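S.K.: Can you read through this structure? Questions will come right after.
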Amino acid sequence: MRTHTPFTCTVVLVTASLLGAAGCAGTDSGGDSAAAAPRTVKPVAGCGAGSWTDPADLAPDRKPARCDKGAPAAQLLAKKRKITVATGTLSAEYVAPLQVAVAKGEFAKEGLDVELKVLPTPDALPLLAKGDVDAQWAAPEAAVMNGVNGGFDIKWVAGNFSPDPTSKSGLWVRLKDGESADHVEMAGRKMGTMIGKGSVIAYPMDTSLKKHGGGLDKISFQQLGSADVLTALQNGGVDSAWLLDPIWRKVDGDKKYAFLGGQPVGEPLGGLLFGPTLLDKDPDAGVAFLRAYIRTVNTYFAGDYKSDPAFVAELAKLMKTDEATLRSTPSMRMDWEIRKGTTDRLQKAYADSGVSKGAPVPEAKAVDRAMYSEAVGHKP
């Protein structure tokens, strides 16, 4: 294995509309940093055949990859790294594994001093590309793909979650007189969202809109802060909005609103983006970060984690949200893997909405599965 000189790095982790974890340069099963030498991948105790699933498996009922509880075991770095993780919000449930990893000391076991800090995606992306910031907790938004097309050394290196089949996280609309969930005319509506047309939710949103006479080219967007999306929907500032877990519970059951559709089951649409620092200069720190994230998922989020009242109470405190509301939504399927073709489907939606620039970015140029492969001991 190639060795690297340890140094202090800054990781900015930005959550936008949806979004989980890490990747590495080297051997791969879907895209690598070309300049990096192959890394040695060794078997990992507690991570067997179930710790890897075929990226081409798009079945909604696919079981997410899992290792044993407590695996993969920590491997303390020779020198501590200080890592700052910026996130668009700390109240969204998909950020919870990172908050738990900090609170439970999982990052510390790897020699990582991680701080979660709120930072908008647009502010972090150019810093990531320059190497001033090392990672974003975000998604392959249109701006990211345009940046890769423009020469940014950025990769999507791990996923975050897919929704439970019973979740209603997704597109909600305020009904007009005479409308119902089965008959809504979406053309001409105003959509409230944190990112706009360039968000990963454009992909599932376009699917839902077209079922109701709409489409990304037939609605207008109003970009709002994460705390303002629900408020704007409720006070009439927007006609529709994409509501995350557990926020949608605040309108569920209210006959003034209808749920039109959500994220595809079994397909994460966001996660961790790495820049040149962790892809090329210090991948050991990137693997360590990912190892801690995966271990946290396997230990605390492996199944129906909301069946444990004490853990739900702990999550509610970390997220600073109402415990009853959090308990009222189904557990997410935390998933560090990336499905084949997701970036292709996302870019088609961006093209349909007119926000993409240039030719589509090939998956091999945008996705790197090598680091999570290494963390669980999977050899391509």
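Labels for the structure tokens follow display order: chains A, B, ..., residues from 1 in each chain, ligands from 1.
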Determine which residues of segment 220-309 of chain A DSSP labels as alpha helix (DSSP H) from the backbone of this structure, then write them out as a list in words.
M.R.: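 Written out, the alpha helix (DSSP H) residues of segment 220-309 of chain A are Val229, Leu230, Thr231, Ala232, Leu233, Gln234, Asn235, Pro276, Pro283, Asp284, Ala285, Gly286, Val287, Ala288, Phe289, Leu290, Arg291, Ala292, Tyr293, Ile294, Arg295, Thr296, Val297, Asn298, Thr299, Tyr300 and Pro309 of chain A.
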S.K.: List every residue of segment 258-315 of chain A that has an atom at most 9 Å from any atom of segment 189-201 of chain A, and for each one report the closest atom pair and its distance in Å to one decimal, counting only C-alpha atoms, with rows sorted by chain and then by increasing residue number, as a tab-separated table.
M.R.:
residue	atom	partner	partner_atom	distance
A:Gly262	CA	A:Ile201	CA	8.6
A:Gln263	CA	A:Ile201	CA	7.4
A:Leu269	CA	A:Val200	CA	6.4
A:Gly270	CA	A:Val200	CA	7.6
S.K.: Between A:Ala181, A:Val133, A:Val265, A:Val144, which residue has the minimum interatomic distance to Pro165 of chain A, considering only C-alpha atoms?
M.R.: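 Result for the nearest residue to Pro165 of chain A: A:Val265.
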S.K.: Using DSSP on the backbone coordinates, identify all residues within segment 193-356 of chain A classified as strand (DSSP E or B); present the result as an NGL selection string.
M.R.: :A and (193 or 220-223 or 240-243 or 257-262 or 271-274 or 333-334)
S.K.: Please produce an output containing C-alpha atoms for each residue in the selection, written as a tab-separated table (two decimals), in the first residue's frame.
M.R.:
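Done, and the output landed in part.tsv:
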chain	number	residue	atom	x	y	z
A	193	THR	CA	-36.91	23.61	-2.63
A	220	SER	CA	-41.43	27.51	-11.38
A	221	PHE	CA	-39.01	27.16	-8.48
A	222	GLN	CA	-38.41	29.20	-5.36
A	223	GLN	CA	-35.18	28.42	-3.55
A	240	SER	CA	-45.74	22.51	-3.54
A	241	ALA	CA	-42.56	21.38	-1.83
A	242	TRP	CA	-40.22	18.45	-1.34
A	243	LEU	CA	-40.50	17.48	2.34
A	257	TYR	CA	-52.30	18.62	1.16
A	258	ALA	CA	-51.51	15.56	-0.95
A	259	PHE	CA	-48.41	13.38	-1.37
A	260	LEU	CA	-47.56	12.78	-5.04
A	261	GLY	CA	-44.42	10.64	-4.86
A	262	GLY	CA	-40.92	10.32	-3.47
A	271	GLY	CA	-23.82	11.02	0.04
A	272	LEU	CA	-20.19	11.97	0.35
A	273	LEU	CA	-18.23	13.87	-2.28
A	274	PHE	CA	-14.43	13.91	-2.12
A	333	ARG	CA	-32.53	2.40	5.01
A	334	MET	CA	-29.05	3.77	5.60
S.K.: May I have the residues within 10 Å of Lys306 of chain A as a list in words, using only C-alpha atoms and disregarding those fewer than 2 positions away in the same chain?
M.R.: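 Listed by chain and then number, they are Phe301, Gly303, Asp304, Asp308, Pro309, Ala310, Phe311, Val312, Ala313, Leu315, Leu326, Arg327, Ser328, Thr329, Pro330, Ser331 and Met332 of chain A.
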S.K.: Output N, CA and C atoms for every residue in the selection just made, as a PDB file, in the first residue's frame.
M.R.:
ATOM      1  N   PHE A 301     -27.634   1.706  13.021  1.00  0.00           N
ATOM      2  CA  PHE A 301     -28.681   1.934  12.023  1.00  0.00           C
ATOM      3  C   PHE A 301     -28.890   0.718  11.114  1.00  0.00           C
ATOM      4  N   GLY A 303     -30.980  -1.814  11.080  1.00  0.00           N
ATOM      5  CA  GLY A 303     -32.341  -2.226  10.733  1.00  0.00           C
ATOM      6  C   GLY A 303     -33.341  -1.176  11.162  1.00  0.00           C
ATOM      7  N   ASP A 304     -34.375  -1.626  11.872  1.00  0.00           N
ATOM      8  CA  ASP A 304     -35.415  -0.710  12.356  1.00  0.00           C
ATOM      9  C   ASP A 304     -34.923  -0.046  13.637  1.00  0.00           C
ATOM     10  N   ASP A 308     -36.154   1.125  19.044  1.00  0.00           N
ATOM     11  CA  ASP A 308     -35.508   1.330  20.342  1.00  0.00           C
ATOM     12  C   ASP A 308     -35.864   2.729  20.846  1.00  0.00           C
ATOM     13  N   PRO A 309     -36.777   2.854  21.802  1.00  0.00           N
ATOM     14  CA  PRO A 309     -37.210   4.169  22.290  1.00  0.00           C
ATOM     15  C   PRO A 309     -36.063   5.027  22.819  1.00  0.00           C
ATOM     16  N   ALA A 310     -35.116   4.400  23.496  1.00  0.00           N
ATOM     17  CA  ALA A 310     -33.991   5.152  24.053  1.00  0.00           C
ATOM     18  C   ALA A 310     -33.143   5.759  22.935  1.00  0.00           C
ATOM     19  N   PHE A 311     -32.959   5.009  21.855  1.00  0.00           N
ATOM     20  CA  PHE A 311     -32.152   5.519  20.747  1.00  0.00           C
ATOM     21  C   PHE A 311     -32.887   6.631  20.021  1.00  0.00           C
ATOM     22  N   VAL A 312     -34.195   6.500  19.870  1.00  0.00           N
ATOM     23  CA  VAL A 312     -34.980   7.566  19.241  1.00  0.00           C
ATOM     24  C   VAL A 312     -34.875   8.846  20.059  1.00  0.00           C
ATOM     25  N   ALA A 313     -34.927   8.715  21.378  1.00  0.00           N
ATOM     26  CA  ALA A 313     -34.789   9.888  22.241  1.00  0.00           C
ATOM     27  C   ALA A 313     -33.426  10.531  22.065  1.00  0.00           C
ATOM     28  N   LEU A 315     -31.529  10.346  19.326  1.00  0.00           N
ATOM     29  CA  LEU A 315     -31.517  10.978  18.003  1.00  0.00           C
ATOM     30  C   LEU A 315     -32.234  12.320  18.028  1.00  0.00           C
ATOM     31  N   LEU A 326     -40.292  12.365  15.203  1.00  0.00           N
ATOM     32  CA  LEU A 326     -39.245  11.476  14.710  1.00  0.00           C
ATOM     33  C   LEU A 326     -39.703  10.025  14.781  1.00  0.00           C
ATOM     34  N   ARG A 327     -40.367   9.671  15.862  1.00  0.00           N
ATOM     35  CA  ARG A 327     -40.829   8.305  16.049  1.00  0.00           C
ATOM     36  C   ARG A 327     -41.948   7.955  15.078  1.00  0.00           C
ATOM     37  N   SER A 328     -42.659   8.963  14.589  1.00  0.00           N
ATOM     38  CA  SER A 328     -43.829   8.716  13.749  1.00  0.00           C
ATOM     39  C   SER A 328     -43.485   8.338  12.314  1.00  0.00           C
ATOM     40  N   THR A 329     -42.230   8.489  11.914  1.00  0.00           N
ATOM     41  CA  THR A 329     -41.819   8.130  10.555  1.00  0.00           C
ATOM     42  C   THR A 329     -41.030   6.827  10.585  1.00  0.00           C
ATOM     43  N   PRO A 330     -41.089   6.033   9.513  1.00  0.00           N
ATOM     44  CA  PRO A 330     -40.348   4.764   9.495  1.00  0.00           C
ATOM     45  C   PRO A 330     -38.845   4.991   9.438  1.00  0.00           C
ATOM     46  N   SER A 331     -38.098   4.012   9.887  1.00  0.00           N
ATOM     47  CA  SER A 331     -36.636   4.084   9.835  1.00  0.00           C
ATOM     48  C   SER A 331     -36.166   4.162   8.389  1.00  0.00           C
ATOM     49  N   MET A 332     -35.152   4.993   8.151  1.00  0.00           N
ATOM     50  CA  MET A 332     -34.543   5.048   6.824  1.00  0.00           C
ATOM     51  C   MET A 332     -33.686   3.800   6.600  1.00  0.00           C
TER      52      MET A 332
END
S.K.: Smallest atom-to-atom distance to Pro264 of chain A: which of A:Ile219, A:Leu175, A:Val44, A:Leu58, using only C-alpha atoms?
M.R.: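 That would be A:Leu58, the residue with the smallest distance to Pro264 of chain A.
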S.K.: If we count only C-alpha atoms, what is near Thr277 of chain A at a cut-off of 10 Å, once residues fewer than 3 positions away on the same chain are taken out, given as an NGL selection string?
M.R.: :A and (9-11 or 128-135 or 153-154 or 274 or 280-283 or 285-286)
S.K.: Return the single residue from A:Leu112, A:Ala56, A:Val229, A:Leu244 that is closest to Asp284 of chain A, with distances computed using only C-alpha atoms.
M.R.: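 Answer, going by the shortest atom-to-atom distance: A:Leu112.
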S.K.: Fewer than 2 positions away in the same chain doesn't count, so skip those; otherwise give me all residues within 8 Å of Met145 of chain A, counting only C-alpha atoms, as number ranges by chain.
M.R.: A: 140-143, 147-149, 347, 356, 361, 366
S.K.: For N, CA and C atoms, I'd like the residues from the last selection saved as a compact mmCIF listing (two decimals), in the first residue's frame.
M.R.:
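Writing the result to part29.txt gives the following:
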# COMPACT_ATOMS: atom_id res chain seq x y z
N PRO A 140 -24.67 14.47 -5.96
CA PRO A 140 -24.22 14.86 -7.30
C PRO A 140 -25.24 15.78 -7.97
N GLU A 141 -25.41 16.97 -7.39
CA GLU A 141 -26.32 17.97 -7.93
C GLU A 141 -25.83 18.42 -9.31
N ALA A 142 -26.65 19.18 -10.01
CA ALA A 142 -26.27 19.66 -11.34
C ALA A 142 -25.00 20.49 -11.28
N ALA A 143 -24.86 21.31 -10.23
CA ALA A 143 -23.66 22.13 -10.10
C ALA A 143 -22.41 21.28 -9.96
N GLY A 147 -19.43 21.03 -12.64
CA GLY A 147 -18.06 21.26 -12.19
C GLY A 147 -17.12 20.17 -12.65
N VAL A 148 -17.57 18.92 -12.57
CA VAL A 148 -16.75 17.79 -13.05
C VAL A 148 -16.51 17.94 -14.54
N ASN A 149 -17.54 18.34 -15.27
CA ASN A 149 -17.40 18.58 -16.71
C ASN A 149 -16.38 19.67 -16.98
N GLN A 347 -28.64 13.15 -14.49
CA GLN A 347 -28.26 14.11 -15.53
C GLN A 347 -29.34 14.25 -16.60
N SER A 356 -28.25 21.60 -17.01
CA SER A 356 -26.97 20.94 -17.26
C SER A 356 -26.22 21.66 -18.36
N VAL A 361 -21.72 13.61 -17.97
CA VAL A 361 -20.49 13.09 -17.38
C VAL A 361 -20.61 11.57 -17.25
N ALA A 366 -17.45 10.33 -12.52
CA ALA A 366 -18.17 10.98 -11.43
C ALA A 366 -18.26 10.14 -10.17
S.K.: With distances taken over only C-alpha atoms, which of A:Asp206, A:Asp54, A:Glu106, A:Asp252 is nearest to Ala73 of chain A?
M.R.: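 Smallest separation from Ala73 of chain A among the options: A:Glu106.
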S.K.: Select, from A:Gly237, A:Gly150, A:Gly105, A:Gly159, the residue with the minimum atom-to-atom distance to Ala65 of chain A, counting only C-alpha atoms.
M.R.: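 Nearest candidate to Ala65 of chain A out of A:Gly237, A:Gly150, A:Gly105, A:Gly159: A:Gly159.
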S.K.: With distances taken over only C-alpha atoms, which of A:Gly46, A:Gly214, A:Gly111, A:Pro122 is nearest to Ala78 of chain A?
M.R.: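 Selected residue with least distance to Ala78 of chain A: A:Gly111.
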S.K.: Just the residues within 9 Å of segment 292-299 of chain A, please, counting only C-alpha atoms, with nothing from its chain fewer than 3 positions along; format it as a ChimeraX atom specification.
M.R.: /A:20-22,66-74,97-98,100-101,104,106-110,287-289,302-303,334-336,372,375-376
S.K.: Skip Ser91 of chain A itself and residues of its chain fewer than 5 positions away, then list as a PDB file with C-alpha atoms, in the first residue's frame all residues within 10 Å of it, counting only C-alpha atoms.
M.R.:
ATOM      1  CA  ALA A  96     -27.978  11.381  11.945  1.00  0.00           C
ATOM      2  CA  SER A 226     -34.118  24.171   4.881  1.00  0.00           C
ATOM      3  CA  ALA A 227     -36.177  25.626   7.740  1.00  0.00           C
ATOM      4  CA  ASP A 245     -38.325  12.811   6.999  1.00  0.00           C
ATOM      5  CA  PRO A 246     -39.714  13.648   9.502  1.00  0.00           C
ATOM      6  CA  ILE A 247     -40.997  17.030   8.248  1.00  0.00           C
ATOM      7  CA  LEU A 315     -31.517  10.978  18.003  1.00  0.00           C
ATOM      8  CA  ALA A 316     -34.138  13.604  18.752  1.00  0.00           C
ATOM      9  CA  LYS A 317     -31.710  15.431  21.036  1.00  0.00           C
ATOM     10  CA  LEU A 318     -28.910  15.285  18.471  1.00  0.00           C
ATOM     11  CA  MET A 319     -31.202  16.529  15.700  1.00  0.00           C
ATOM     12  CA  LYS A 320     -32.938  19.038  18.003  1.00  0.00           C
ATOM     13  CA  THR A 321     -36.302  17.797  16.782  1.00  0.00           C
TER      14      THR A 321
END
